[in-house]
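First comes the structure, then the notes that go with it.
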Amino acid sequence: MSGLNLIKTLKEIPREELLAPGHRLCAGCGAPIIARFVLKAIEGPKVVVNATGCLEVATTIFPYTSWKVPWVHSAFENAASTASGIEAAFRILEKKKGKKSPKVIVFGGDGGTFDIGLQALSGALERGHDLIYICYDNEAYMNTGIQRSSATPKGASTTTSPAGKVIPGKLERKKDLIGIAVAHGIKYAATANPAYPIDLFNKIRKAASVKGPTVIHYFTPCPTGWRADPSRSIEIARLAVQTRVWPLYECDNGVWKLNVNVKKPKPVEEYLRLQGRFRHLLKPENRWLLEEIKRDIEANWERILKLTGLS
Amino acid sequence: MVKRIGMNGDTAVAYAVKQADVDVIAAYPITPQTIIVEKLSEYVNNGELNAAYVPVESEHSALSACVGASLAGARVFTATASQGLALMYEILYIASSLRTTIVMALGNRALSAPINIHCSHDDAYAARDAGWIQLFAENVQEAYDLTLQAFRISEDKNVLLPTIVNLDGFILTHSLEGVNVFEDEDIAKFLPPKEPIQPIDPENPITYGPLGLFDSYIEFKKQQAEAMKASYPHILQAFKEFEEFSGRSYKPIKTLGMEDAEIAIMVLGSTAGTVREVVRKMREKGEKVGTISLTLYRPFPEEELKKVLKGVKVLAVMDRSYSFGSPGAQLFMDVTATLINMKEKPLIFNVIYGLGGRDLVPNHVLSIIEKAKEYAELGEVSEKEIWIGVRE
């Protein structure tokens, strides 16, 4: 394990940009933030594998590319297995030919991670490949036009879980990705959020220092899909943490730690109100669903407090 | 130096892969290829092969891992069959479009339903449009030889396309034969280490697999089409070099009696041996019959086929698969499309046989020849599609 070079201030973040501007991601999108942070935080040779999704299509429209590092896209559900092959190849080529192995970084959206790519991710985690898997979770299939995924939160209106007169949006809970990842016995897994950049940066560094698979589950504001003001993405991201909707925590070698303890949470309505996908929840007829969501948020918070030894 | 070892088709393929000093194997078990990957894991775990064996959780991931490994510059191998190939289908096209040099052994097996583990060519045909070079072995020796040649062909700088080596499920994968194998140290004379073209290199970053829309996609596909066509002379060159190396001759098309045949049977895979035996006996009696089998299925050897079919009155094309709702099964369509613009071409009919491992016996071949003679006399084909070996 290389020495952990964690930062305390934003000024310590390297200025070099390995994701060139000019890509076609939407204004206010959270995905390029983590892509840039990952490329800044991980030192030395690296290779990026990208599942099909917004980040992939918007950064590599032939003949242009935003990536100043080797970048591979194969398909939607197989980023983790493509990365497994790259990692295995470099591992053996290093042994046979002395070719230095780069760090392998994988980006997958929530569709490519929670749903169609879950099997490939599970396989890669179980086999113990040395890679960092980053799920940039914007909570629906945004690239195809805002369809529900298993990462879509309860109550959200999407094009395949619309807020209708009988069914007011998605009624099922979001999957626990970190729980699934940790169940594989991996050494590091964490949630992250762009409104907490130092925490985000250091989590990438921690993940990169591990020999073996690691998972970062990153909150990715999507103004287009969430029907929100692009200039308020970071505010929404911060509110997600402050309302306990998106707890920031990590599991480091089996030790759970809460990174931001939200002792006095803001009302969840403050978070919901800024997003068109949740607006229907504030209507009186959907009060029952809002109450259910509030209970879920508190139950999840209590669960994490227990895990992290704070309750 | 050459030695003779008793091996089945699967162990022969595994032996060739070991001798090719492959770097990465990513595979998932499926009958009838499983012995290949079992044997390879054994080589790796016993230190006989210095390779990474990636025991993936599905065939889809097997081929995906192979794509990544090949782009990283490794010599890469996988093996599968039927359902496994079907699960890989999406990645077959990506593997060829990204110009990887993956070699895959395909233990040909029927597609479900009903589930069956025995031989059909459904899987090989399913890959026919996907941009892979395809070779067919007729016996275990060929399975060994073609596996070595597949690496040589795929990794040729003028080719850079993945290759499938087909071997009939059970008939070849599980049949024991004496196989002439080379000494390990001699292999490099025919198959030097892979020299990757534009591999993943952090010092020279490349974007692999970008988005290509209507302003670039068709150009990519045209280039790929040209690459497949242009691979042909290099495949011949590899065959030639292998002959110099081994003394064993490989050609895209194998024939018997085609110099004067009026009736001909065309077939793929292990059945060629049975057909050839029947044809040989008939020729001894003075009958003008001949047989054609393909070692190279993709790129399809059109010009050679046209040449050998000159003077043939009736051609029976045997397919160990079926293409539902099509004007004929797959090889039949390949052949008819090849001959479409020839002025003088034979009458052609399609024989469906052997599905799911149903035996083909010499009497079946005789009945096909009888049918062909009948059509020759009639001067027309009364029944374009014949199924043989089916219980009434």
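So you can find residues: chains in the structure tokens are A, B, ... in the order shown, residues in each start at 1, and ligands are numbered from 1 in order.
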Check: Counting only C-alpha atoms, what is within 7 Å of Val56 of chain B, bar same-chain residues fewer than 4 positions away, as a list in words?
Finding: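 These residues fall inside the cut-off: Gly123 of chain A; Ala26, Ala27, Tyr28, Ser61 and Ala62 of chain B.
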Give me, as a compact mmCIF listing (two decimals) with N, CA and C atoms, in the first residue's frame, the residues of segment 93-292 of chain A that a backbone DSSP run labels strand (DSSP E or B).
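Okay, this is what ended up in out35.txt:
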# COMPACT_ATOMS: atom_id res chain seq x y z
N LYS A 103 -3.21 1.83 -12.70
CA LYS A 103 -4.38 1.66 -11.85
C LYS A 103 -5.61 1.62 -12.76
N VAL A 104 -6.47 0.66 -12.52
CA VAL A 104 -7.65 0.52 -13.37
C VAL A 104 -8.86 1.15 -12.65
N ILE A 105 -9.49 2.10 -13.35
CA ILE A 105 -10.62 2.85 -12.80
C ILE A 105 -11.85 2.55 -13.64
N VAL A 106 -12.95 2.26 -12.99
CA VAL A 106 -14.18 1.98 -13.74
C VAL A 106 -15.25 3.00 -13.36
N PHE A 107 -15.92 3.54 -14.37
CA PHE A 107 -17.07 4.41 -14.14
C PHE A 107 -18.32 3.72 -14.70
N GLY A 108 -19.31 3.59 -13.86
CA GLY A 108 -20.59 3.07 -14.33
C GLY A 108 -21.69 3.91 -13.71
N GLY A 109 -22.74 4.14 -14.45
CA GLY A 109 -23.88 4.85 -13.88
C GLY A 109 -24.68 3.92 -12.99
N LEU A 131 -8.91 -2.87 -8.77
CA LEU A 131 -9.56 -1.79 -9.52
C LEU A 131 -10.46 -0.95 -8.61
N ILE A 132 -10.68 0.28 -9.03
CA ILE A 132 -11.59 1.17 -8.32
C ILE A 132 -12.86 1.26 -9.14
N TYR A 133 -13.97 0.89 -8.55
CA TYR A 133 -15.23 0.97 -9.26
C TYR A 133 -16.02 2.17 -8.74
N ILE A 134 -16.34 3.09 -9.63
CA ILE A 134 -17.09 4.27 -9.22
C ILE A 134 -18.46 4.24 -9.86
N CYS A 135 -19.46 4.19 -9.01
CA CYS A 135 -20.83 4.28 -9.50
C CYS A 135 -21.25 5.74 -9.40
N TYR A 136 -21.40 6.39 -10.55
CA TYR A 136 -21.93 7.76 -10.52
C TYR A 136 -23.45 7.64 -10.66
N ASP A 137 -24.10 7.85 -9.54
CA ASP A 137 -25.51 7.51 -9.40
C ASP A 137 -26.37 8.76 -9.55
N TYR A 141 -32.11 6.03 -15.45
CA TYR A 141 -31.46 5.89 -16.76
C TYR A 141 -31.58 7.24 -17.47
N GLN A 147 -35.44 6.94 -17.22
CA GLN A 147 -36.26 5.80 -16.83
C GLN A 147 -35.82 5.30 -15.44
N THR A 158 -40.25 9.22 -12.74
CA THR A 158 -39.39 9.07 -13.92
C THR A 158 -40.32 8.75 -15.09
N SER A 161 -41.71 5.49 -14.26
CA SER A 161 -42.41 5.45 -12.97
C SER A 161 -43.02 6.84 -12.76
N ALA A 163 -45.35 10.03 -11.93
CA ALA A 163 -46.27 10.35 -10.85
C ALA A 163 -47.67 10.42 -11.45
N PRO A 168 -48.20 7.22 -7.52
CA PRO A 168 -47.47 8.51 -7.51
C PRO A 168 -45.96 8.35 -7.59
N TYR A 188 -12.40 -1.65 0.85
CA TYR A 188 -12.83 -0.27 1.01
C TYR A 188 -14.06 0.01 0.16
N ALA A 189 -15.05 0.64 0.79
CA ALA A 189 -16.25 1.09 0.07
C ALA A 189 -16.73 2.36 0.76
N ALA A 190 -17.21 3.31 -0.02
CA ALA A 190 -17.64 4.58 0.57
C ALA A 190 -18.70 5.25 -0.28
N THR A 191 -19.53 6.05 0.37
CA THR A 191 -20.41 6.95 -0.37
C THR A 191 -19.69 8.29 -0.49
N ALA A 192 -20.05 9.06 -1.50
CA ALA A 192 -19.37 10.35 -1.71
C ALA A 192 -20.36 11.31 -2.33
N THR A 214 -12.27 -1.85 -4.92
CA THR A 214 -12.90 -0.88 -4.02
C THR A 214 -14.09 -0.27 -4.76
N VAL A 215 -15.04 0.23 -3.99
CA VAL A 215 -16.25 0.81 -4.60
C VAL A 215 -16.55 2.18 -3.99
N ILE A 216 -16.79 3.14 -4.85
CA ILE A 216 -17.25 4.45 -4.39
C ILE A 216 -18.62 4.72 -5.01
N HIS A 217 -19.57 5.03 -4.15
CA HIS A 217 -20.93 5.28 -4.59
C HIS A 217 -21.17 6.79 -4.48
N TYR A 218 -21.26 7.43 -5.63
CA TYR A 218 -21.18 8.89 -5.71
C TYR A 218 -22.52 9.50 -6.11
N PHE A 219 -22.98 10.44 -5.30
CA PHE A 219 -24.22 11.17 -5.55
C PHE A 219 -24.01 12.12 -6.73
N TYR A 249 -20.58 7.92 4.44
CA TYR A 249 -19.94 6.95 5.33
C TYR A 249 -19.02 6.05 4.50
N GLU A 250 -18.21 5.30 5.22
CA GLU A 250 -17.28 4.41 4.52
C GLU A 250 -17.10 3.14 5.33
N CYS A 251 -16.62 2.11 4.66
CA CYS A 251 -16.25 0.87 5.33
C CYS A 251 -14.81 0.58 4.94
N ASP A 252 -13.92 0.77 5.90
CA ASP A 252 -12.49 0.67 5.64
C ASP A 252 -11.96 -0.55 6.38
N VAL A 255 -14.16 -1.71 9.06
CA VAL A 255 -14.54 -0.72 10.07
C VAL A 255 -15.41 0.36 9.42
N TRP A 256 -16.63 0.49 9.96
CA TRP A 256 -17.57 1.47 9.40
C TRP A 256 -17.36 2.81 10.07
N LYS A 257 -17.43 3.86 9.26
CA LYS A 257 -17.23 5.19 9.83
C LYS A 257 -18.20 6.17 9.16
N LEU A 258 -18.87 6.95 10.01
CA LEU A 258 -19.74 8.01 9.49
C LEU A 258 -18.86 9.24 9.27
Check: Smallest atom-to-atom distance to chain A: which of B:Tyr232, B:Tyr297, B:Phe332, B:Tyr208, using only C-alpha atoms?
Finding: B:Tyr208
Item checked: Distance filter 10 Å, only C-alpha atoms, chain B against chain A, as a ChimeraX atom specification -> /B:23-26,50-58,60-76,90-91,94-95,98,199-213,215-217
Next item on the list: Just the residues within 12 Å of Gly84 of chain B, please, counting only C-alpha atoms, with nothing from its chain fewer than 5 positions along; format it as a PyMOL selection string.
Entry: chain B and resi 27-34+57-63+78-79+89-92+104-112+117+122-124+126-127
Next item on the list: Please provide as a count of residues only all residues within 12 Å of Asn138 of chain A, with the sequence filter that same-chain residues fewer than 6 positions apart are discarded (counting only C-alpha atoms).
Entry: 37
Next item on the list: Please give the complete set of residues from segment 35-118 of chain B that DSSP, run on the backbone, assigns to alpha helix (DSSP H), formatted as a ChimeraX atom specification.
Entry: /B:35-45,59-71,82-97
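Picture a line from atom CA of Thr291 of chain B to atom CA of Phe349 of chain B; it runs 14.4 Å.
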Check: Near segment 208-213 of chain A, counting only C-alpha atoms, which residues have an atom at most 7 Å away, once you skip same-chain residues fewer than 4 positions from it, shown as a PyMOL selection string?
Finding: chain A and resi 1-2+4+42+125+128-132+186+204
Filtering to N, CA and C atoms, could you give me those residues as a compact mmCIF listing (two decimals), in the first residue's frame?
# COMPACT_ATOMS: atom_id res chain seq x y z
N MET A 1 0.85 -1.21 0.00
CA MET A 1 0.00 0.00 0.00
C MET A 1 0.88 1.25 0.00
N SER A 2 0.62 2.17 -0.92
CA SER A 2 1.43 3.39 -0.96
C SER A 2 0.97 4.34 0.15
N LEU A 4 -0.62 7.18 2.21
CA LEU A 4 -1.86 7.91 1.97
C LEU A 4 -1.58 9.40 2.00
N ILE A 42 -5.78 10.22 -8.26
CA ILE A 42 -4.99 9.00 -8.45
C ILE A 42 -3.72 9.34 -9.21
N LEU A 125 -15.58 -8.08 -8.03
CA LEU A 125 -15.28 -7.89 -6.60
C LEU A 125 -14.87 -9.23 -5.98
N GLY A 128 -11.42 -10.32 -6.86
CA GLY A 128 -10.38 -9.53 -6.21
C GLY A 128 -9.48 -8.73 -7.13
N HIS A 129 -9.99 -8.35 -8.31
CA HIS A 129 -9.16 -7.54 -9.22
C HIS A 129 -8.78 -6.21 -8.57
N ASP A 130 -7.60 -5.74 -8.91
CA ASP A 130 -7.13 -4.47 -8.36
C ASP A 130 -7.74 -3.33 -9.19
N LEU A 131 -8.91 -2.87 -8.77
CA LEU A 131 -9.56 -1.79 -9.52
C LEU A 131 -10.46 -0.95 -8.61
N ILE A 132 -10.68 0.28 -9.03
CA ILE A 132 -11.59 1.17 -8.32
C ILE A 132 -12.86 1.26 -9.14
N ILE A 186 -14.75 -6.77 0.36
CA ILE A 186 -13.73 -5.87 -0.20
C ILE A 186 -13.20 -4.96 0.90
N ILE A 204 -11.25 8.92 -2.72
CA ILE A 204 -10.65 8.36 -3.95
C ILE A 204 -9.21 7.93 -3.65
